[in-house]
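Trainee: So here's entry35.cif (mmCIF, C-alpha atoms).
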data_model
loop_
_atom_site.label_atom_id
_atom_site.label_comp_id
_atom_site.auth_asym_id
_atom_site.auth_seq_id
_atom_site.Cartn_x
_atom_site.Cartn_y
_atom_site.Cartn_z
CA MET A 17 -8.21 -248.57 46.06
CA ALA A 18 -5.56 -250.59 47.86
CA PHE A 19 -4.05 -251.34 51.27
CA GLU A 20 -0.70 -252.64 52.43
CA ILE A 21 0.31 -255.44 54.82
CA ASN A 22 4.00 -256.14 55.52
CA GLY A 23 5.09 -254.27 52.42
CA LYS A 24 2.72 -256.11 50.06
CA THR A 25 0.01 -254.10 48.32
CA TYR A 26 -3.50 -255.51 47.94
CA GLU A 27 -5.79 -254.01 45.28
CA THR A 28 -9.50 -253.69 46.04
CA ASP A 29 -12.53 -252.39 44.15
CA GLU A 30 -14.40 -249.23 45.19
CA GLU A 31 -16.45 -251.18 47.76
CA GLY A 32 -13.39 -252.76 49.37
CA TYR A 33 -13.68 -256.24 47.80
CA LEU A 34 -10.34 -257.83 46.95
CA ALA A 35 -9.49 -257.37 43.25
CA ASN A 36 -7.53 -260.63 42.91
CA LEU A 37 -9.04 -263.71 44.49
CA SER A 38 -5.62 -265.36 44.72
CA ASP A 39 -4.20 -262.52 46.87
CA TRP A 40 -6.26 -263.65 49.85
CA ASN A 41 -4.76 -264.79 53.16
CA THR A 42 -5.91 -264.64 56.78
CA ASP A 43 -4.07 -261.34 57.35
CA VAL A 44 -6.17 -259.76 54.59
CA ALA A 45 -9.37 -260.91 56.32
CA GLY A 46 -8.08 -259.63 59.68
CA ARG A 47 -7.17 -256.24 58.24
CA MET A 48 -10.58 -255.79 56.56
CA ALA A 49 -12.32 -256.74 59.81
CA THR A 50 -10.23 -254.34 61.87
CA GLU A 51 -11.28 -251.50 59.58
CA ASP A 52 -14.92 -252.37 60.34
CA ASP A 53 -14.18 -252.58 64.12
CA CYS A 54 -14.96 -256.29 64.00
CA ASP A 55 -13.00 -258.87 66.04
CA LEU A 56 -12.85 -262.16 64.17
CA SER A 57 -13.82 -265.09 66.41
CA GLU A 58 -13.83 -268.83 65.67
CA ASN A 59 -17.45 -268.44 64.59
CA HIS A 60 -16.53 -265.76 62.04
CA TRP A 61 -13.74 -267.90 60.61
CA GLU A 62 -16.11 -270.85 60.29
CA VAL A 63 -18.38 -268.82 57.98
CA ILE A 64 -15.44 -267.33 56.04
CA LYS A 65 -14.00 -270.80 55.51
CA PHE A 66 -17.42 -272.06 54.39
CA LEU A 67 -17.72 -269.26 51.81
CA ARG A 68 -14.25 -269.93 50.40
CA ASP A 69 -15.07 -273.64 50.02
CA TYR A 70 -18.39 -272.80 48.36
CA TYR A 71 -16.67 -270.51 45.87
CA GLU A 72 -14.01 -273.11 45.15
CA GLU A 73 -16.69 -275.68 44.37
CA TYR A 74 -19.26 -273.58 42.46
CA GLN A 75 -17.34 -270.46 41.36
CA ILE A 76 -19.90 -268.13 42.96
CA ALA A 77 -20.49 -266.47 46.29
CA PRO A 78 -23.93 -267.64 47.50
CA ALA A 79 -26.82 -265.24 48.10
CA VAL A 80 -27.65 -264.75 51.78
CA ARG A 81 -30.74 -267.00 51.63
CA VAL A 82 -28.66 -269.79 50.12
CA LEU A 83 -25.84 -269.22 52.60
CA THR A 84 -28.20 -269.42 55.58
CA LYS A 85 -29.73 -272.68 54.42
CA ALA A 86 -26.38 -274.25 53.54
CA ILE A 87 -24.83 -273.23 56.88
CA GLY A 88 -27.82 -274.72 58.67
CA LYS A 89 -27.30 -277.98 56.90
CA ARG A 90 -23.54 -278.14 57.37
CA LEU A 91 -23.00 -276.51 60.77
CA GLY A 92 -26.35 -277.08 62.48
CA LYS A 93 -29.73 -275.36 62.80
CA ASP A 94 -28.56 -273.07 65.64
CA LYS A 95 -26.14 -271.43 63.16
CA GLY A 96 -28.29 -271.59 60.04
CA ASN A 97 -30.49 -268.61 60.81
CA SER A 98 -30.37 -264.91 59.99
CA LYS A 99 -30.18 -263.84 63.64
CA TYR A 100 -26.96 -265.75 64.29
CA LEU A 101 -25.37 -264.66 61.00
CA TYR A 102 -26.35 -260.99 61.35
CA GLU A 103 -24.92 -260.93 64.88
CA LEU A 104 -21.60 -262.08 63.46
CA PHE A 105 -21.76 -259.87 60.37
CA PRO A 106 -23.98 -256.86 61.06
CA TYR A 107 -23.35 -255.34 57.60
CA GLY A 108 -25.06 -258.36 56.06
CA PRO A 109 -23.65 -261.90 56.30
CA ALA A 110 -23.21 -262.49 52.57
CA LYS A 111 -21.78 -259.08 51.79
CA GLN A 112 -19.48 -258.60 54.78
CA ALA A 113 -18.34 -262.20 55.14
CA CYS A 114 -17.69 -262.52 51.40
CA LYS A 115 -15.54 -259.42 51.57
CA TYR A 116 -13.41 -260.85 54.39
CA ALA A 117 -13.23 -264.15 52.48
CA GLY A 118 -11.74 -262.33 49.50
CA LEU A 119 -14.68 -263.19 47.22
CA PRO A 120 -16.59 -260.92 44.85
CA LYS A 121 -19.97 -259.54 45.93
CA PRO A 122 -22.51 -262.40 46.07
CA THR A 123 -24.49 -263.38 42.97
CA GLY A 124 -28.14 -262.69 43.63
CA CYS A 125 -27.35 -260.05 46.24
CA VAL A 126 -30.05 -257.46 45.54
CA MET B 29 -45.18 -262.82 25.61
CA LYS B 30 -48.68 -264.22 25.94
CA GLN B 31 -51.45 -262.68 28.03
CA ILE B 32 -51.32 -263.70 31.70
CA ASP B 33 -54.36 -265.58 32.93
CA TRP B 34 -54.66 -264.02 36.38
CA SER B 35 -57.31 -266.49 37.52
CA SER B 36 -54.80 -269.36 37.30
CA LEU B 37 -52.10 -267.71 39.42
CA VAL B 38 -50.81 -269.49 42.50
CA ILE B 39 -50.14 -267.44 45.64
CA ASN B 40 -46.83 -267.94 47.52
CA GLU B 41 -46.09 -267.78 51.26
CA SER B 42 -45.65 -264.02 51.26
CA GLY B 43 -49.02 -263.56 49.59
CA LYS B 44 -47.60 -262.62 46.20
CA ALA B 45 -48.66 -264.14 42.90
CA VAL B 46 -46.30 -266.78 41.54
CA LYS B 47 -45.63 -266.78 37.82
CA LYS B 48 -44.04 -269.56 35.82
CA PHE B 49 -40.66 -268.46 34.47
CA MET B 50 -38.74 -270.54 31.98
CA TYR B 51 -35.20 -269.68 30.95
CA VAL B 52 -34.41 -271.20 27.57
CA ASN B 53 -30.73 -271.86 26.84
CA ARG B 54 -29.78 -272.27 23.19
CA HIS B 55 -26.03 -271.52 23.03
CA ALA B 56 -22.95 -273.67 23.49
CA PRO B 57 -20.93 -272.72 26.60
CA HIS B 58 -17.79 -270.52 26.72
CA GLY B 59 -17.96 -269.26 23.10
CA THR B 60 -20.42 -266.47 23.83
CA ILE B 61 -21.57 -264.59 26.90
CA TYR B 62 -25.16 -265.95 26.62
CA PRO B 63 -24.88 -269.00 28.93
CA LEU B 64 -23.11 -267.02 31.68
CA GLU B 65 -25.54 -264.10 31.50
CA GLY B 66 -28.50 -266.49 31.47
CA LEU B 67 -27.19 -268.34 34.51
CA GLU B 68 -26.65 -265.10 36.44
CA VAL B 69 -30.20 -263.94 35.68
CA VAL B 70 -31.54 -267.29 36.90
CA LEU B 71 -29.57 -267.06 40.16
CA ILE B 72 -30.62 -263.46 40.80
CA GLY B 73 -34.24 -264.18 39.81
CA ALA B 74 -34.33 -267.16 42.19
CA ALA B 75 -34.55 -264.70 45.11
CA PHE B 76 -38.09 -263.71 44.09
CA ASP B 77 -39.93 -266.94 44.97
CA GLN B 78 -41.25 -267.66 41.49
CA ASP B 79 -41.83 -271.01 39.77
CA VAL B 80 -38.55 -271.25 37.86
CA SER B 81 -37.39 -273.81 35.33
CA MET B 82 -34.66 -273.95 32.68
CA ALA B 83 -34.75 -275.55 29.26
CA PHE B 84 -31.75 -276.65 27.20
CA ILE B 85 -32.28 -276.82 23.46
CA GLY B 86 -29.95 -277.17 20.47
CA ASP B 87 -26.32 -276.42 21.28
CA GLY B 88 -27.56 -275.31 24.72
CA VAL B 89 -27.37 -278.95 25.83
CA PHE B 90 -23.56 -278.69 25.72
CA GLN B 91 -23.76 -276.34 28.73
CA LEU B 92 -24.53 -279.38 30.89
CA ASN B 93 -21.77 -281.56 29.45
CA LYS B 94 -19.68 -283.40 32.06
CA GLY B 95 -15.99 -282.66 32.56
CA GLN B 96 -15.74 -279.18 31.03
CA ASP B 97 -12.27 -277.73 31.58
CA THR B 98 -11.59 -274.07 30.86
CA ALA B 99 -8.07 -273.93 32.35
CA ASP B 100 -6.29 -273.48 29.02
CA SER B 101 -8.65 -270.72 27.92
CA GLY B 102 -7.88 -268.71 31.06
CA MET B 103 -11.61 -268.37 31.77
CA LYS B 104 -13.56 -269.12 34.93
CA ASN B 105 -15.22 -272.54 34.68
CA VAL B 106 -18.88 -271.54 34.62
CA ALA B 107 -19.95 -275.19 34.30
CA LEU B 108 -19.26 -275.66 38.04
CA THR B 109 -21.88 -273.05 38.88
CA TYR B 110 -24.74 -275.22 37.56
CA GLY B 111 -24.06 -277.36 40.65
CA ALA B 112 -25.32 -274.51 42.84
CA LEU B 113 -28.73 -274.29 41.13
CA GLY B 114 -30.21 -276.80 43.59
CA ASP B 115 -29.18 -274.57 46.52
CA TYR B 116 -31.02 -271.71 44.80
CA GLU B 117 -34.09 -273.96 44.58
CA VAL B 118 -33.91 -274.14 40.79
CA THR B 119 -34.74 -277.83 40.49
CA LYS B 120 -36.32 -278.26 37.05
CA LEU B 121 -33.80 -278.47 34.22
CA TYR B 122 -35.46 -279.77 31.05
CA VAL B 123 -33.16 -281.13 28.35
CA GLU B 124 -34.58 -281.84 24.90
CA GLN B 125 -34.10 -285.47 23.83
CA GLU B 126 -33.89 -284.63 20.11
CA SER B 127 -31.14 -282.07 20.74
CA LEU B 128 -29.11 -284.71 22.62
CA ASP B 129 -29.68 -287.28 19.83
CA GLU B 130 -28.63 -284.85 17.09
CA ARG B 131 -25.33 -284.28 18.92
CA GLY B 132 -24.61 -287.89 19.81
CA LEU B 133 -25.11 -287.20 23.51
CA GLU B 134 -27.06 -289.04 26.17
CA LEU B 135 -28.05 -288.36 29.77
CA ASN B 136 -24.84 -290.08 30.95
CA ASP B 137 -22.76 -287.40 29.20
CA LEU B 138 -24.34 -284.68 31.32
CA MET B 139 -23.37 -283.50 34.79
CA ASN B 140 -25.13 -285.23 37.66
CA LEU B 141 -27.04 -282.21 38.98
CA THR B 142 -29.17 -282.71 42.06
CA TRP B 143 -31.18 -280.81 44.62
CA GLU B 144 -31.86 -281.68 48.24
CA ASP B 145 -35.43 -281.91 49.41
CA GLU B 146 -35.56 -280.31 52.85
CA GLU B 147 -39.02 -281.81 53.44
CA GLU B 148 -37.69 -285.32 52.94
CA ASN B 149 -34.66 -285.05 55.23
CA TRP B 150 -32.45 -283.55 52.49
CA ALA B 151 -32.96 -286.49 50.12
CA GLU B 152 -30.96 -285.94 46.93
CA LYS B 153 -33.07 -285.80 43.78
CA PRO B 154 -32.02 -285.37 40.14
CA SER B 155 -32.62 -281.92 38.63
CA ILE B 156 -32.19 -282.86 34.97
CA GLN B 157 -35.22 -284.27 33.16
CA VAL B 158 -34.90 -285.36 29.54
CA VAL B 159 -38.09 -284.49 27.64
CA SER B 160 -39.18 -284.88 24.03
CA ARG B 161 -39.60 -281.91 21.71
CA ALA B 162 -43.37 -282.32 21.97
CA GLN B 163 -43.27 -282.37 25.80
CA LEU B 164 -41.07 -279.28 25.84
CA SER B 165 -43.48 -277.55 23.53
CA ASP B 166 -46.28 -278.24 26.05
CA LEU B 167 -44.10 -276.93 28.90
CA LEU B 168 -43.38 -273.72 26.97
CA GLU B 169 -47.11 -273.29 26.42
CA GLN B 170 -47.69 -273.38 30.23
CA GLN B 171 -45.26 -270.54 31.03
CA ASP B 172 -46.17 -266.96 31.94
CA VAL B 173 -42.71 -265.65 31.11
CA ILE B 174 -40.09 -267.10 28.74
CA LEU B 175 -36.60 -265.67 28.58
CA ASN B 176 -34.19 -266.74 25.85
CA PHE B 177 -30.42 -266.85 26.23
#
Please render this file's structure as structure tokens.
Mentor:
Amino acid sequence: MAFEINGKTYETDEEGYLANLSDWNTDVAGRMATEDDCDLSENHWEVIKFLRDYYEEYQIAPAVRVLTKAIGKRLGKDKGNSKYLYELFPYGPAKQACKYAGLPKPTGCV
Amino acid sequence: MKQIDWSSLVINESGKAVKKFMYVNRHAPHGTIYPLEGLEVVLIGAAFDQDVSMAFIGDGVFQLNKGQDTADSGMKNVALTYGALGDYEVTKLYVEQESLDERGLELNDLMNLTWEDEEENWAEKPSIQVVSRAQLSDLLEQQDVILNF
């Protein structure tokens, strides 16, 4: 599968995850969110940014349990809980946010 | 696999029996798929609230070597992922002393892997423990499940 922004084509896998990590930019995230009827707020971007940094450091997308705990530690307890993260990303914080962040499906996502 | 002694099982928070899982790593990194596959199984298995540990024996100790750089091979640097084990609550990495000695390595040559203890205000603690062959043999004896990679 693929989609196009400003004449550039972006390849994705059958679930909509970006095929090439290095293709990612904020327009890609915005486009994916629009297709899910999701408006990206500052709070969404904070989680997307966090996931990209985590991948850069450890070469994996964290499982949702790990993401929740790590967010809690870095951004505060009021954000490090499933309720907050599922409100932002109703399709599942790890899955949906990782997709917008241009990462592969999380390791340990069962 | 040895018989499970059900009477000795610990029960976790969700009321399920906890078994002791040890993942034994015996291969040098990057040359084969074993280390990567083993690591992925550990990370996926970590979701099931079991008592998980990893052992590094023989050339497996090279997996923890500091400063691995895969840029020229065009491969993803899997070594960085060991740093996430603490986040997955995999906090017991046993490295065999004899295997280090035989390869001219010491603890200082290995990555500084840590985990943060939430109960002690996120205090950083070392994950790697160097153990003798005899100690590792005892640890293997205590496991319910041993998986080799």
Trainee: With 12 Å as the cut-off and all atoms listed in the file counted, what is the closest atom pair between each nearby residue of chain A and chain B? Distances in Å to one decimal, ordered by chain and number, as JSON lines.
Mentor:
{"residue": "A:Leu37", "atom": "CA", "partner": "B:Lys104", "partner_atom": "CA", "distance": 11.9}
{"residue": "A:Tyr70", "atom": "CA", "partner": "B:Ala112", "partner_atom": "CA", "distance": 9.0}
{"residue": "A:Tyr71", "atom": "CA", "partner": "B:Thr109", "partner_atom": "CA", "distance": 9.1}
{"residue": "A:Glu72", "atom": "CA", "partner": "B:Leu108", "partner_atom": "CA", "distance": 9.2}
{"residue": "A:Glu73", "atom": "CA", "partner": "B:Leu108", "partner_atom": "CA", "distance": 6.8}
{"residue": "A:Tyr74", "atom": "CA", "partner": "B:Thr109", "partner_atom": "CA", "distance": 4.5}
{"residue": "A:Gln75", "atom": "CA", "partner": "B:Thr109", "partner_atom": "CA", "distance": 5.8}
{"residue": "A:Ile76", "atom": "CA", "partner": "B:Thr109", "partner_atom": "CA", "distance": 6.7}
{"residue": "A:Ala77", "atom": "CA", "partner": "B:Ala112", "partner_atom": "CA", "distance": 10.0}
{"residue": "A:Pro78", "atom": "CA", "partner": "B:Ala112", "partner_atom": "CA", "distance": 8.4}
{"residue": "A:Ala79", "atom": "CA", "partner": "B:Ala75", "partner_atom": "CA", "distance": 8.3}
{"residue": "A:Val80", "atom": "CA", "partner": "B:Ala75", "partner_atom": "CA", "distance": 9.6}
{"residue": "A:Arg81", "atom": "CA", "partner": "B:Ala75", "partner_atom": "CA", "distance": 7.9}
{"residue": "A:Val82", "atom": "CA", "partner": "B:Asp115", "partner_atom": "CA", "distance": 6.0}
{"residue": "A:Leu83", "atom": "CA", "partner": "B:Asp115", "partner_atom": "CA", "distance": 8.8}
{"residue": "A:Thr84", "atom": "CA", "partner": "B:Asp115", "partner_atom": "CA", "distance": 10.5}
{"residue": "A:Lys85", "atom": "CA", "partner": "B:Asp115", "partner_atom": "CA", "distance": 8.1}
{"residue": "A:Ala86", "atom": "CA", "partner": "B:Asp115", "partner_atom": "CA", "distance": 7.6}
{"residue": "A:Ile87", "atom": "CA", "partner": "B:Asp115", "partner_atom": "CA", "distance": 11.3}
{"residue": "A:Gly88", "atom": "CA", "partner": "B:Glu146", "partner_atom": "CA", "distance": 11.2}
{"residue": "A:Lys89", "atom": "CA", "partner": "B:Trp150", "partner_atom": "CA", "distance": 8.8}
{"residue": "A:Arg90", "atom": "CA", "partner": "B:Trp150", "partner_atom": "CA", "distance": 11.5}
{"residue": "A:Pro122", "atom": "CA", "partner": "B:Ile72", "partner_atom": "CA", "distance": 9.7}
{"residue": "A:Thr123", "atom": "CA", "partner": "B:Ile72", "partner_atom": "CA", "distance": 6.5}
{"residue": "A:Gly124", "atom": "CA", "partner": "B:Ile72", "partner_atom": "CA", "distance": 3.8}
{"residue": "A:Cys125", "atom": "CA", "partner": "B:Ile72", "partner_atom": "CA", "distance": 7.2}
{"residue": "A:Val126", "atom": "CA", "partner": "B:Ile72", "partner_atom": "CA", "distance": 7.7}
Trainee: Which distance in Å separates CA of Ile64 (chain A) and CA of Lys24 (chain A), to one decimal?
Mentor: 22.2 Å
Trainee: Quick one: residues within 8 Å of region 151-158 of chain B, all atoms listed in the file, excluding same-chain residues fewer than 6 positions away - as a list in words?
Mentor: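 In the requested format, the answer is Gly114, Thr119, Lys120, Leu121, Tyr122, Val123, Glu124, Gln125, Leu135, Asn140, Leu141, Thr142, Trp143, Glu144 and Asp145 of chain B.
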Trainee: Using only C-alpha atoms, collect all residues at a distance of at most 12 Å from (-10.6, -251.6, 55.7) as written in the file, then present them as a ChimeraX atom specification.
Mentor: /A:17-21,26-34,43-54,112,115-116
Trainee: Next, dump the selected residues to file, keeping only C-alpha atoms, as a PDB file, keeping the file's coordinate frame.
Mentor:
ATOM      1  CA  MET A  17      -8.210-248.570  46.060  1.00  0.00           C
ATOM      2  CA  ALA A  18      -5.560-250.590  47.860  1.00  0.00           C
ATOM      3  CA  PHE A  19      -4.050-251.340  51.270  1.00  0.00           C
ATOM      4  CA  GLU A  20      -0.700-252.640  52.430  1.00  0.00           C
ATOM      5  CA  ILE A  21       0.310-255.440  54.820  1.00  0.00           C
ATOM      6  CA  TYR A  26      -3.500-255.510  47.940  1.00  0.00           C
ATOM      7  CA  GLU A  27      -5.790-254.010  45.280  1.00  0.00           C
ATOM      8  CA  THR A  28      -9.500-253.690  46.040  1.00  0.00           C
ATOM      9  CA  ASP A  29     -12.530-252.390  44.150  1.00  0.00           C
ATOM     10  CA  GLU A  30     -14.400-249.230  45.190  1.00  0.00           C
ATOM     11  CA  GLU A  31     -16.450-251.180  47.760  1.00  0.00           C
ATOM     12  CA  GLY A  32     -13.390-252.760  49.370  1.00  0.00           C
ATOM     13  CA  TYR A  33     -13.680-256.240  47.800  1.00  0.00           C
ATOM     14  CA  LEU A  34     -10.340-257.830  46.950  1.00  0.00           C
ATOM     15  CA  ASP A  43      -4.070-261.340  57.350  1.00  0.00           C
ATOM     16  CA  VAL A  44      -6.170-259.760  54.590  1.00  0.00           C
ATOM     17  CA  ALA A  45      -9.370-260.910  56.320  1.00  0.00           C
ATOM     18  CA  GLY A  46      -8.080-259.630  59.680  1.00  0.00           C
ATOM     19  CA  ARG A  47      -7.170-256.240  58.240  1.00  0.00           C
ATOM     20  CA  MET A  48     -10.580-255.790  56.560  1.00  0.00           C
ATOM     21  CA  ALA A  49     -12.320-256.740  59.810  1.00  0.00           C
ATOM     22  CA  THR A  50     -10.230-254.340  61.870  1.00  0.00           C
ATOM     23  CA  GLU A  51     -11.280-251.500  59.580  1.00  0.00           C
ATOM     24  CA  ASP A  52     -14.920-252.370  60.340  1.00  0.00           C
ATOM     25  CA  ASP A  53     -14.180-252.580  64.120  1.00  0.00           C
ATOM     26  CA  CYS A  54     -14.960-256.290  64.000  1.00  0.00           C
ATOM     27  CA  GLN A 112     -19.480-258.600  54.780  1.00  0.00           C
ATOM     28  CA  LYS A 115     -15.540-259.420  51.570  1.00  0.00           C
ATOM     29  CA  TYR A 116     -13.410-260.850  54.390  1.00  0.00           C
TER      30      TYR A 116
END
Trainee: Give me the result of the PyMOL selection byres ((chain A and resi 61) around 12) on this file, residue by residue, as a list in words.
Mentor: Thr42, Ala45, Gly46, Ala49, Asp55, Leu56, Ser57, Glu58, Asn59, His60, Glu62, Val63, Ile64, Lys65, Phe66, Leu67, Arg68, Leu104, Phe105, Ala113, Cys114, Tyr116 and Ala117 of chain A
Trainee: Compile the contact shell of Arg131 (chain B) as a list in words: residues with an atom at most 12 Å away, counting all atoms listed in the file, same-chain residues fewer than 3 positions apart removed.
Mentor: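 My reading of the contact set: Ala56, Ile85, Gly86, Asp87, Gly88, Val89, Phe90, Asn93, Glu124, Gln125, Glu126, Ser127, Leu128, Glu134, Leu135 and Asp137 of chain B.
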Trainee: If you measure from CA of Lys93 (chain A) to CA of Asn149 (chain B), what distance in Å do you get, rounded to one decimal?
Mentor: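 Computing the Euclidean distance for CA of Lys93 (chain A) and CA of Asn149 (chain B) yields 13.2 Å.
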Trainee: Quick one: everything within 7 Å of region 77-81 of chain B, counting all atoms listed in the file, minus sequence neighbours fewer than 3 positions away in the same chain. Send it as a list in words.
Mentor: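 Skipping anything fewer than 3 positions along the chain leaves Val46, Lys47, Lys48, Phe49, Met50, Tyr51, Ala74, Val118, Lys120 and Leu121 of chain B.
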Trainee: Report the distance between CA of Lys44 (chain B) and CA of Asp172 (chain B) in Å, rounded to one decimal place.
Mentor: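 We find that CA of Lys44 (chain B) and CA of Asp172 (chain B) lie 15.0 Å from each other.
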Trainee: From the set B:Gly132, B:Lys94, B:Phe177, B:Glu169, which residue has the shortest atom-to-atom contact distance to Leu64 (chain B), counting all atoms listed in the file?
Mentor: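 So, comparing all the options, the nearest one is B:Phe177.
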